[in-house]
>>> print(open('query.pdb').read())   # PDB, C-alpha atoms, pLDDT in the B column
ATOM      1  CA  MET A  33      43.127 209.676 110.771  1.00 58.00           C
ATOM      2  CA  ASN A  34      46.560 208.595 109.716  1.00 69.00           C
ATOM      3  CA  ASP A  35      45.891 205.605 107.530  1.00 85.00           C
ATOM      4  CA  LEU A  36      43.328 203.133 106.223  1.00 87.00           C
ATOM      5  CA  PHE A  37      43.413 201.135 109.475  1.00 89.00           C
ATOM      6  CA  ASP A  38      42.199 204.116 111.506  1.00 91.00           C
ATOM      7  CA  ALA A  39      39.572 204.915 108.897  1.00 93.00           C
ATOM      8  CA  LEU A  40      38.300 201.315 108.905  1.00 93.00           C
ATOM      9  CA  ARG A  41      38.149 201.295 112.687  1.00 92.00           C
ATOM     10  CA  GLU A  42      36.129 204.491 112.764  1.00 93.00           C
ATOM     11  CA  SER A  43      33.849 203.198 110.025  1.00 93.00           C
ATOM     12  CA  ILE A  44      33.175 199.981 111.970  1.00 94.00           C
ATOM     13  CA  ASP A  45      32.588 201.945 115.181  1.00 93.00           C
ATOM     14  CA  LYS A  46      30.040 204.203 113.518  1.00 93.00           C
ATOM     15  CA  TYR A  47      28.239 201.299 111.854  1.00 93.00           C
ATOM     16  CA  VAL A  48      27.995 199.185 115.006  1.00 92.00           C
ATOM     17  CA  ASN A  49      27.214 201.996 117.452  1.00 91.00           C
ATOM     18  CA  VAL A  50      24.956 203.978 115.166  1.00 91.00           C
ATOM     19  CA  ASP A  51      22.325 204.398 117.874  1.00 91.00           C
ATOM     20  CA  SER A  52      24.730 206.315 120.086  1.00 92.00           C
ATOM     21  CA  LEU A  53      25.371 208.974 117.417  1.00 92.00           C
ATOM     22  CA  ASN A  54      23.451 212.224 117.142  1.00 93.00           C
ATOM     23  CA  PRO A  55      20.239 212.077 115.032  1.00 93.00           C
ATOM     24  CA  ARG A  56      21.727 213.894 112.058  1.00 94.00           C
ATOM     25  CA  GLU A  57      24.702 211.514 111.930  1.00 92.00           C
ATOM     26  CA  GLN A  58      22.416 208.506 112.398  1.00 92.00           C
ATOM     27  CA  GLN A  59      20.281 209.632 109.484  1.00 92.00           C
ATOM     28  CA  ARG A  60      23.362 210.171 107.323  1.00 92.00           C
ATOM     29  CA  ILE A  61      24.769 206.693 107.963  1.00 91.00           C
ATOM     30  CA  ARG A  62      21.460 204.852 107.675  1.00 91.00           C
ATOM     31  CA  SER A  63      20.628 206.604 104.407  1.00 92.00           C
ATOM     32  CA  ILE A  64      23.894 205.355 102.894  1.00 91.00           C
ATOM     33  CA  TYR A  65      22.976 201.717 103.474  1.00 91.00           C
ATOM     34  CA  ASP A  66      19.248 202.061 102.794  1.00 91.00           C
ATOM     35  CA  LYS A  67      19.978 202.362  99.080  1.00 89.00           C
ATOM     36  CA  TYR A  68      21.213 198.779  98.891  1.00 90.00           C
ATOM     37  CA  VAL A  69      19.740 195.302  99.317  1.00 90.00           C
ATOM     38  CA  TYR A  70      22.024 194.494 102.241  1.00 89.00           C
ATOM     39  CA  ASN A  71      20.857 197.334 104.448  1.00 87.00           C
ATOM     40  CA  TYR A  72      20.833 197.312 108.258  1.00 88.00           C
ATOM     41  CA  ASP A  73      17.781 195.051 108.568  1.00 88.00           C
ATOM     42  CA  THR A  74      19.014 192.524 106.009  1.00 89.00           C
ATOM     43  CA  ILE A  75      22.449 192.276 107.600  1.00 88.00           C
ATOM     44  CA  ASP A  76      20.828 191.775 111.015  1.00 85.00           C
ATOM     45  CA  ALA A  77      18.625 188.991 109.675  1.00 85.00           C
ATOM     46  CA  LEU A  78      21.326 187.393 107.531  1.00 79.00           C
ATOM     47  CA  PHE A  79      22.882 185.084 110.105  1.00 71.00           C
ATOM     48  CA  ASP A  80      20.189 184.953 112.718  1.00 71.00           C
ATOM     49  CA  LEU A  81      20.482 181.187 113.038  1.00 65.00           C
ATOM     50  CA  ASP A  82      17.962 180.807 115.884  1.00 64.00           C
ATOM     51  CA  THR A  83      15.237 182.416 113.776  1.00 60.00           C
ATOM     52  CA  GLU A  84      16.189 180.273 110.768  1.00 58.00           C
ATOM     53  CA  GLU A  85      15.890 177.091 112.861  1.00 60.00           C
ATOM     54  CA  MET A  86      12.487 178.203 114.134  1.00 60.00           C
ATOM     55  CA  ASP A  87      11.357 178.861 110.543  1.00 58.00           C
ATOM     56  CA  ASP A  88      12.476 175.388 109.506  1.00 58.00           C
ATOM     57  CA  ASP A  89      10.587 173.789 112.395  1.00 58.00           C
ATOM     58  CA  SER A  90       7.396 175.668 111.585  1.00 57.00           C
ATOM     59  CA  LYS A  91       7.489 174.262 108.031  1.00 52.00           C
TER      60      LYS A  91
ATOM     61  CA  MET B1315      81.268 199.641 104.195  1.00 52.00           C
ATOM     62  CA  ILE B1316      78.220 200.712 106.156  1.00 57.00           C
ATOM     63  CA  GLN B1317      75.304 201.654 103.938  1.00 61.00           C
ATOM     64  CA  ASN B1318      73.421 204.684 105.129  1.00 67.00           C
ATOM     65  CA  LYS B1319      69.660 204.293 104.809  1.00 65.00           C
ATOM     66  CA  MET B1320      69.273 208.021 104.404  1.00 66.00           C
ATOM     67  CA  LEU B1321      71.124 207.843 101.094  1.00 74.00           C
ATOM     68  CA  LYS B1322      68.718 205.170  99.837  1.00 78.00           C
ATOM     69  CA  ALA B1323      65.618 207.212 100.579  1.00 82.00           C
ATOM     70  CA  PRO B1324      63.480 208.193  97.592  1.00 81.00           C
ATOM     71  CA  ILE B1325      64.127 211.560  96.046  1.00 85.00           C
ATOM     72  CA  PRO B1326      61.374 214.074  96.889  1.00 87.00           C
ATOM     73  CA  GLY B1327      58.831 213.943  94.075  1.00 88.00           C
ATOM     74  CA  GLU B1328      59.967 210.503  92.899  1.00 85.00           C
ATOM     75  CA  ASN B1329      56.449 209.169  93.400  1.00 79.00           C
ATOM     76  CA  LEU B1330      55.213 211.607  90.767  1.00 84.00           C
ATOM     77  CA  VAL B1331      57.403 210.146  88.028  1.00 85.00           C
ATOM     78  CA  GLN B1332      57.205 206.491  89.118  1.00 78.00           C
ATOM     79  CA  SER B1333      55.009 204.242  86.999  1.00 77.00           C
ATOM     80  CA  SER B1334      52.227 203.098  89.293  1.00 70.00           C
ATOM     81  CA  ARG B1335      50.280 200.986  86.809  1.00 73.00           C
ATOM     82  CA  ASN B1336      51.640 197.800  88.328  1.00 79.00           C
ATOM     83  CA  TYR B1337      49.787 198.256  91.594  1.00 84.00           C
ATOM     84  CA  ALA B1338      46.433 196.531  91.657  1.00 86.00           C
ATOM     85  CA  TRP B1339      44.869 199.279  93.752  1.00 84.00           C
ATOM     86  CA  HIS B1340      45.769 201.906  91.178  1.00 84.00           C
ATOM     87  CA  ARG B1341      43.640 200.209  88.542  1.00 87.00           C
ATOM     88  CA  PRO B1342      39.827 200.147  88.525  1.00 91.00           C
ATOM     89  CA  PRO B1343      38.526 197.666  91.151  1.00 93.00           C
ATOM     90  CA  LYS B1344      36.979 194.338  90.151  1.00 93.00           C
ATOM     91  CA  MET B1345      33.820 194.942  92.204  1.00 93.00           C
ATOM     92  CA  VAL B1346      32.095 198.299  92.325  1.00 93.00           C
ATOM     93  CA  GLU B1347      28.663 197.327  93.665  1.00 93.00           C
ATOM     94  CA  TYR B1348      28.197 197.224  97.435  1.00 93.00           C
ATOM     95  CA  ASP B1349      25.857 194.202  97.279  1.00 92.00           C
ATOM     96  CA  ASP B1350      28.334 192.262  95.124  1.00 93.00           C
ATOM     97  CA  VAL B1351      31.088 192.857  97.664  1.00 94.00           C
ATOM     98  CA  ILE B1352      28.909 191.603 100.532  1.00 93.00           C
ATOM     99  CA  GLU B1353      28.038 188.455  98.563  1.00 92.00           C
ATOM    100  CA  HIS B1354      31.707 187.953  97.681  1.00 93.00           C
ATOM    101  CA  PHE B1355      32.626 188.222 101.360  1.00 92.00           C
ATOM    102  CA  VAL B1356      29.975 185.728 102.445  1.00 90.00           C
ATOM    103  CA  ASP B1357      30.892 183.284  99.677  1.00 91.00           C
ATOM    104  CA  ASN B1358      34.645 183.476 100.199  1.00 91.00           C
ATOM    105  CA  TYR B1359      35.087 184.049 103.915  1.00 89.00           C
ATOM    106  CA  ILE B1360      31.989 182.912 105.784  1.00 88.00           C
ATOM    107  CA  SER B1361      30.957 179.932 103.643  1.00 88.00           C
ATOM    108  CA  LYS B1362      34.457 178.497 103.404  1.00 89.00           C
ATOM    109  CA  THR B1363      35.134 176.482 106.535  1.00 88.00           C
ATOM    110  CA  ASN B1364      38.913 176.741 106.466  1.00 91.00           C
ATOM    111  CA  ARG B1365      38.884 180.533 106.247  1.00 91.00           C
ATOM    112  CA  LEU B1366      36.234 180.939 108.915  1.00 90.00           C
ATOM    113  CA  SER B1367      38.038 178.546 111.259  1.00 90.00           C
ATOM    114  CA  ALA B1368      41.271 180.489 110.657  1.00 91.00           C
ATOM    115  CA  ALA B1369      39.483 183.697 111.643  1.00 91.00           C
ATOM    116  CA  MET B1370      38.042 181.960 114.720  1.00 92.00           C
ATOM    117  CA  LEU B1371      41.502 180.739 115.690  1.00 92.00           C
ATOM    118  CA  LEU B1372      42.870 184.272 115.424  1.00 92.00           C
ATOM    119  CA  ALA B1373      39.985 185.620 117.508  1.00 92.00           C
ATOM    120  CA  GLN B1374      40.438 182.936 120.168  1.00 90.00           C
ATOM    121  CA  ASN B1375      44.109 183.857 120.458  1.00 89.00           C
ATOM    122  CA  GLY B1376      43.364 187.481 121.264  1.00 89.00           C
ATOM    123  CA  ILE B1377      43.380 189.194 117.864  1.00 92.00           C
ATOM    124  CA  PRO B1378      40.528 191.750 117.971  1.00 93.00           C
ATOM    125  CA  ALA B1379      37.699 191.350 115.465  1.00 94.00           C
ATOM    126  CA  THR B1380      38.378 194.856 114.122  1.00 94.00           C
ATOM    127  CA  SER B1381      41.936 193.837 113.227  1.00 93.00           C
ATOM    128  CA  ILE B1382      40.704 190.688 111.468  1.00 94.00           C
ATOM    129  CA  VAL B1383      38.236 192.721 109.418  1.00 94.00           C
ATOM    130  CA  SER B1384      40.862 195.386 108.699  1.00 93.00           C
ATOM    131  CA  SER B1385      43.346 192.813 107.427  1.00 93.00           C
ATOM    132  CA  ILE B1386      40.670 191.228 105.202  1.00 93.00           C
ATOM    133  CA  MET B1387      39.803 194.675 103.852  1.00 93.00           C
ATOM    134  CA  LEU B1388      43.438 195.564 103.233  1.00 92.00           C
ATOM    135  CA  GLY B1389      43.943 192.269 101.419  1.00 92.00           C
ATOM    136  CA  MET B1390      40.951 192.903  99.183  1.00 93.00           C
ATOM    137  CA  VAL B1391      42.141 196.442  98.415  1.00 92.00           C
ATOM    138  CA  GLY B1392      45.671 195.180  97.795  1.00 91.00           C
ATOM    139  CA  ARG B1393      44.434 192.573  95.321  1.00 91.00           C
ATOM    140  CA  GLY B1394      42.400 195.201  93.521  1.00 91.00           C
ATOM    141  CA  ASP B1395      39.070 193.564  94.374  1.00 93.00           C
ATOM    142  CA  ILE B1396      37.586 196.724  95.867  1.00 94.00           C
ATOM    143  CA  SER B1397      38.510 200.385  96.153  1.00 93.00           C
ATOM    144  CA  PRO B1398      39.616 201.895  99.492  1.00 92.00           C
ATOM    145  CA  ASP B1399      36.349 203.865  99.634  1.00 93.00           C
ATOM    146  CA  MET B1400      34.338 200.665  99.216  1.00 94.00           C
ATOM    147  CA  SER B1401      36.369 199.037 101.999  1.00 94.00           C
ATOM    148  CA  LEU B1402      35.216 201.811 104.373  1.00 94.00           C
ATOM    149  CA  LEU B1403      31.630 201.217 103.313  1.00 94.00           C
ATOM    150  CA  VAL B1404      31.619 197.449 103.793  1.00 94.00           C
ATOM    151  CA  ALA B1405      33.849 197.226 106.889  1.00 94.00           C
ATOM    152  CA  GLY B1406      30.901 197.723 109.255  1.00 93.00           C
ATOM    153  CA  PRO B1407      28.643 195.043 107.743  1.00 93.00           C
ATOM    154  CA  PHE B1408      31.609 192.618 107.531  1.00 94.00           C
ATOM    155  CA  TYR B1409      32.368 193.199 111.183  1.00 94.00           C
ATOM    156  CA  LYS B1410      28.761 192.561 112.142  1.00 93.00           C
ATOM    157  CA  ILE B1411      28.551 189.351 110.099  1.00 92.00           C
ATOM    158  CA  LEU B1412      31.860 188.063 111.442  1.00 92.00           C
ATOM    159  CA  THR B1413      31.058 188.781 115.079  1.00 92.00           C
ATOM    160  CA  ARG B1414      27.616 187.196 114.605  1.00 90.00           C
ATOM    161  CA  MET B1415      29.339 184.036 113.412  1.00 89.00           C
ATOM    162  CA  PHE B1416      31.679 184.141 116.412  1.00 90.00           C
ATOM    163  CA  ASP B1417      28.669 184.480 118.731  1.00 89.00           C
ATOM    164  CA  GLU B1418      26.860 181.579 117.082  1.00 87.00           C
ATOM    165  CA  THR B1419      29.877 179.283 117.299  1.00 87.00           C
ATOM    166  CA  GLY B1420      30.593 180.254 120.906  1.00 87.00           C
ATOM    167  CA  THR B1421      33.987 181.744 120.088  1.00 88.00           C
ATOM    168  CA  ALA B1422      35.370 184.117 122.716  1.00 89.00           C
ATOM    169  CA  TYR B1423      36.754 187.227 121.055  1.00 91.00           C
ATOM    170  CA  LEU B1424      37.845 190.794 121.630  1.00 91.00           C
ATOM    171  CA  THR B1425      35.683 193.318 119.807  1.00 90.00           C
ATOM    172  CA  GLY B1426      38.439 195.874 119.298  1.00 89.00           C
ATOM    173  CA  PHE B1427      36.563 198.502 121.317  1.00 89.00           C
ATOM    174  CA  ASP B1428      37.096 196.823 124.689  1.00 87.00           C
ATOM    175  CA  THR B1429      37.966 198.600 127.881  1.00 88.00           C
ATOM    176  CA  GLU B1430      40.920 197.487 129.999  1.00 88.00           C
ATOM    177  CA  GLU B1431      38.561 195.627 132.343  1.00 89.00           C
ATOM    178  CA  GLU B1432      36.972 193.725 129.470  1.00 88.00           C
ATOM    179  CA  ILE B1433      40.373 192.756 128.096  1.00 88.00           C
ATOM    180  CA  GLN B1434      41.441 191.574 131.554  1.00 88.00           C
ATOM    181  CA  GLU B1435      38.221 189.572 131.873  1.00 87.00           C
ATOM    182  CA  TYR B1436      38.864 187.992 128.473  1.00 87.00           C
ATOM    183  CA  LEU B1437      42.411 187.060 129.453  1.00 85.00           C
ATOM    184  CA  ASP B1438      41.358 185.631 132.824  1.00 85.00           C
ATOM    185  CA  ALA B1439      38.507 183.582 131.382  1.00 80.00           C
ATOM    186  CA  PRO B1440      39.321 179.873 131.094  1.00 74.00           C
ATOM    187  CA  LYS B1441      39.567 178.639 127.549  1.00 65.00           C
ATOM    188  CA  GLU B1442      36.463 176.579 127.018  1.00 57.00           C
ATOM    189  CA  LYS B1443      35.294 174.656 124.059  1.00 55.00           C
ATOM    190  CA  SER B1444      32.186 175.596 122.142  1.00 53.00           C
ATOM    191  CA  THR B1445      29.059 175.565 124.277  1.00 55.00           C
ATOM    192  CA  LYS B1446      26.878 174.455 121.371  1.00 60.00           C
ATOM    193  CA  LYS B1447      25.854 170.837 121.845  1.00 67.00           C
ATOM    194  CA  LEU B1448      24.000 168.476 119.587  1.00 72.00           C
ATOM    195  CA  SER B1449      20.465 167.526 120.472  1.00 77.00           C
ATOM    196  CA  LYS B1450      19.520 163.875 121.032  1.00 80.00           C
ATOM    197  CA  GLU B1451      17.744 163.728 117.703  1.00 81.00           C
ATOM    198  CA  GLN B1452      20.843 164.994 115.912  1.00 81.00           C
ATOM    199  CA  GLU B1453      23.020 162.449 117.725  1.00 82.00           C
ATOM    200  CA  THR B1454      20.734 159.551 116.755  1.00 84.00           C
ATOM    201  CA  GLN B1455      20.710 160.814 113.156  1.00 84.00           C
ATOM    202  CA  ILE B1456      24.505 160.843 113.118  1.00 84.00           C
ATOM    203  CA  ASP B1457      24.625 157.295 114.578  1.00 85.00           C
ATOM    204  CA  GLU B1458      22.205 156.018 111.936  1.00 86.00           C
ATOM    205  CA  PHE B1459      24.192 157.700 109.203  1.00 84.00           C
ATOM    206  CA  GLU B1460      27.419 156.118 110.452  1.00 83.00           C
ATOM    207  CA  LYS B1461      25.757 152.676 110.519  1.00 83.00           C
ATOM    208  CA  GLU B1462      24.564 153.121 106.940  1.00 84.00           C
ATOM    209  CA  LEU B1463      28.041 154.136 105.881  1.00 81.00           C
ATOM    210  CA  LYS B1464      29.562 151.044 107.511  1.00 78.00           C
ATOM    211  CA  GLU B1465      27.046 148.773 105.798  1.00 77.00           C
ATOM    212  CA  LYS B1466      27.672 150.345 102.427  1.00 72.00           C
ATOM    213  CA  SER B1467      31.438 150.301 102.679  1.00 66.00           C
ATOM    214  CA  THR B1468      32.039 146.663 101.689  1.00 62.00           C
ATOM    215  CA  VAL B1469      35.469 145.435 100.737  1.00 61.00           C
ATOM    216  CA  PRO B1470      35.866 145.483  96.943  1.00 61.00           C
ATOM    217  CA  SER B1471      36.449 142.086  95.435  1.00 60.00           C
ATOM    218  CA  GLY B1472      37.833 141.103  92.071  1.00 61.00           C
ATOM    219  CA  GLY B1473      40.510 142.791  90.044  1.00 64.00           C
ATOM    220  CA  LEU B1474      44.190 142.746  90.696  1.00 64.00           C
ATOM    221  CA  MET B1475      44.074 144.662  93.981  1.00 66.00           C
ATOM    222  CA  GLY B1476      40.720 143.373  95.261  1.00 64.00           C
ATOM    223  CA  ALA B1477      40.192 140.928  98.077  1.00 64.00           C
ATOM    224  CA  LYS B1478      39.957 137.213  97.296  1.00 64.00           C
ATOM    225  CA  SER B1479      36.493 135.896  96.582  1.00 62.00           C
ATOM    226  CA  ASP B1480      35.096 132.515  95.626  1.00 61.00           C
ATOM    227  CA  GLU B1481      32.504 133.854  93.246  1.00 60.00           C
ATOM    228  CA  GLU B1482      34.638 135.595  90.693  1.00 58.00           C
ATOM    229  CA  THR B1483      37.288 133.344  89.211  1.00 61.00           C
ATOM    230  CA  LEU B1484      38.939 133.737  85.883  1.00 61.00           C
ATOM    231  CA  ASP B1485      40.936 130.933  84.309  1.00 64.00           C
ATOM    232  CA  ILE B1486      43.930 132.097  82.362  1.00 62.00           C
ATOM    233  CA  GLU B1487      45.892 129.592  80.347  1.00 63.00           C
ATOM    234  CA  ALA B1488      49.364 129.349  81.704  1.00 65.00           C
ATOM    235  CA  MET B1489      50.814 127.617  78.678  1.00 68.00           C
ATOM    236  CA  PRO B1490      51.877 129.921  75.795  1.00 64.00           C
ATOM    237  CA  THR B1491      49.852 129.471  72.607  1.00 64.00           C
ATOM    238  CA  GLY B1492      52.520 130.837  70.333  1.00 63.00           C
ATOM    239  CA  GLU B1493      50.093 133.374  68.846  1.00 64.00           C
ATOM    240  CA  GLY B1494      50.285 137.100  69.157  1.00 64.00           C
ATOM    241  CA  LEU B1495      47.411 139.502  69.434  1.00 64.00           C
ATOM    242  CA  ILE B1496      46.971 139.510  65.637  1.00 65.00           C
ATOM    243  CA  SER B1497      46.371 136.088  64.160  1.00 65.00           C
ATOM    244  CA  ARG B1498      48.887 135.043  61.555  1.00 64.00           C
ATOM    245  CA  PRO B1499      47.591 134.280  58.055  1.00 65.00           C
ATOM    246  CA  THR B1500      47.601 130.616  57.164  1.00 64.00           C
ATOM    247  CA  ASP B1501      49.603 129.242  54.225  1.00 64.00           C
ATOM    248  CA  GLU B1502      46.472 128.917  52.037  1.00 60.00           C
ATOM    249  CA  GLU B1503      45.597 132.572  52.485  1.00 55.00           C
ATOM    250  CA  GLU B1504      49.141 133.605  51.571  1.00 53.00           C
ATOM    251  CA  ALA B1505      49.016 131.678  48.326  1.00 50.00           C
TER     252      ALA B1505
END
>>> encode(input="query.pdb", output="structure tokens")
Amino acid sequence: MNDLFDALRESIDKYVNVDSLNPREQQRIRSIYDKYVYNYDTIDALFDLDTEEMDDDSK
Amino acid sequence: MIQNKMLKAPIPGENLVQSSRNYAWHRPPKMVEYDDVIEHFVDNYISKTNRLSAAMLLAQNGIPATSIVSSIMLGMVGRGDISPDMSLLVAGPFYKILTRMFDETGTAYLTGFDTEEEIQEYLDAPKEKSTKKLSKEQETQIDEFEKELKEKSTVPSGGLMGAKSDEETLDIEAMPTGEGLISRPTDEEEA
């Protein structure tokens, strides 16, 4: 990596394509985010607008 | 006289004696918590329509989503909002949130990890407007709201700049009374 741009690109790639990594690497990356509120599941559900609309309708 | 750029180059080791306190990224960052940074991003980039539409415009014109996220990250590091390490941590979630918003709004974009074929497909695709359409209920709601607005927006009457109306009339004496705002004392009071 030469600069911050390359590092950011690699970071994004690993976050988005985490399932394609080897199990050890997957575990490492998931464990980083699991410590916080905005973990993988929360980020996935954050802007799921279709689900939000369905929730509103059910109310 | 031609100035040689080589002569203007910094002296080796100059960075070690230069005062670097003026750079925002050399001071402690404003936000150190990961969750705070995510909330800051959502509040300042996703919730603000002008910024999100600017990002969508960039994406529609062929700027990859990774580059948009990278430039946002670099800006935040440059302003001293977050540390470079934090930018690496939050770049992935930012990318996911941003691309989710692009998907929801029907914005065509390059991911930044596209193959040549995908880029060619993106370039060949006709530029279409957003595929999201309003439902009939939403359209009727908007029509009703517009009607209410029209009914409420009556022309103001009265005052100097208001429209003429028959109801409100104010008679002002045109002839001068000779009195000022403060009444003058009469001769008896003076004595």
>>> residues_around(input="query.pdb", residues="range 40-54 of chain A", least_positions_apart="4", cutoff="9 Å", atoms="all atoms listed in the file", output="list in words")
Met33, Asp35, Leu36, Gln58, Gln59, Ile61 and Arg62 of chain A; Thr1380, Ser1381, Val1383, Ser1384, Met1387, Ser1401, Leu1402, Leu1403, Val1404, Ala1405, Gly1406, Pro1407, Phe1408, Tyr1409, Lys1410, Gly1426 and Phe1427 of chain B
>>> closest_residue(input="query.pdb", among="B:Asp1399, B:Glu1431, B:Asp1457, B:Asp1417", to="Phe79 in chain A", atoms="only C-alpha atoms")
B:Asp1417
>>> residues_around(input="query.pdb", residues="Ile1382 in chain B", least_positions_apart="3", cutoff="9 Å", atoms="only C-alpha atoms", output="list in words")
Ala1369, Leu1372, Ala1373, Ile1377, Pro1378, Ala1379, Ser1385, Ile1386, Met1387 and Tyr1409 of chain B
>>> atom_distance(input="query.pdb", atom1="CA of Ile1433 in chain B", atom2="CA of Gly1376 in chain B")
9.1 Å
>>> resolve_selection(input="query.pdb", expression="the PyMOL selection byres ((chain B and resi 1374) around 12)", output="PyMOL selection string")
chain B and resi 1367-1373+1375-1379+1382+1416-1417+1419-1425+1436-1437+1439-1444
>>> build_atoms(input="query.pdb", residues="range 37-48 of chain A", atoms="N, CA and C atoms", output="PDB file, keeping the file's coordinate frame")
ATOM      1  N   PHE A  37      43.793 201.890 108.279  1.00 89.00           N
ATOM      2  CA  PHE A  37      43.413 201.135 109.475  1.00 89.00           C
ATOM      3  C   PHE A  37      42.538 201.974 110.402  1.00 89.00           C
ATOM      4  N   ASP A  38      42.975 203.218 110.637  1.00 91.00           N
ATOM      5  CA  ASP A  38      42.199 204.116 111.506  1.00 91.00           C
ATOM      6  C   ASP A  38      40.831 204.408 110.896  1.00 91.00           C
ATOM      7  N   ALA A  39      40.831 204.614 109.582  1.00 93.00           N
ATOM      8  CA  ALA A  39      39.572 204.915 108.897  1.00 93.00           C
ATOM      9  C   ALA A  39      38.614 203.728 108.992  1.00 93.00           C
ATOM     10  N   LEU A  40      39.145 202.517 108.816  1.00 93.00           N
ATOM     11  CA  LEU A  40      38.300 201.315 108.905  1.00 93.00           C
ATOM     12  C   LEU A  40      37.734 201.160 110.314  1.00 93.00           C
ATOM     13  N   ARG A  41      38.574 201.420 111.295  1.00 92.00           N
ATOM     14  CA  ARG A  41      38.149 201.295 112.687  1.00 92.00           C
ATOM     15  C   ARG A  41      37.011 202.267 113.002  1.00 92.00           C
ATOM     16  N   GLU A  42      37.168 203.487 112.529  1.00 93.00           N
ATOM     17  CA  GLU A  42      36.129 204.491 112.764  1.00 93.00           C
ATOM     18  C   GLU A  42      34.834 204.134 112.026  1.00 93.00           C
ATOM     19  N   SER A  43      35.011 203.608 110.820  1.00 93.00           N
ATOM     20  CA  SER A  43      33.849 203.198 110.025  1.00 93.00           C
ATOM     21  C   SER A  43      33.081 202.084 110.723  1.00 93.00           C
ATOM     22  N   ILE A  44      33.809 201.097 111.246  1.00 94.00           N
ATOM     23  CA  ILE A  44      33.175 199.981 111.970  1.00 94.00           C
ATOM     24  C   ILE A  44      32.462 200.505 113.219  1.00 94.00           C
ATOM     25  N   ASP A  45      33.152 201.394 113.933  1.00 93.00           N
ATOM     26  CA  ASP A  45      32.588 201.945 115.181  1.00 93.00           C
ATOM     27  C   ASP A  45      31.266 202.658 114.896  1.00 93.00           C
ATOM     28  N   LYS A  46      31.261 203.447 113.837  1.00 93.00           N
ATOM     29  CA  LYS A  46      30.040 204.203 113.518  1.00 93.00           C
ATOM     30  C   LYS A  46      28.916 203.279 113.066  1.00 93.00           C
ATOM     31  N   TYR A  47      29.275 202.224 112.343  1.00 93.00           N
ATOM     32  CA  TYR A  47      28.239 201.299 111.854  1.00 93.00           C
ATOM     33  C   TYR A  47      27.621 200.519 113.020  1.00 93.00           C
ATOM     34  N   VAL A  48      28.483 200.040 113.914  1.00 92.00           N
ATOM     35  CA  VAL A  48      27.995 199.185 115.006  1.00 92.00           C
ATOM     36  C   VAL A  48      27.253 200.007 116.063  1.00 92.00           C
TER      37      VAL A  48
END
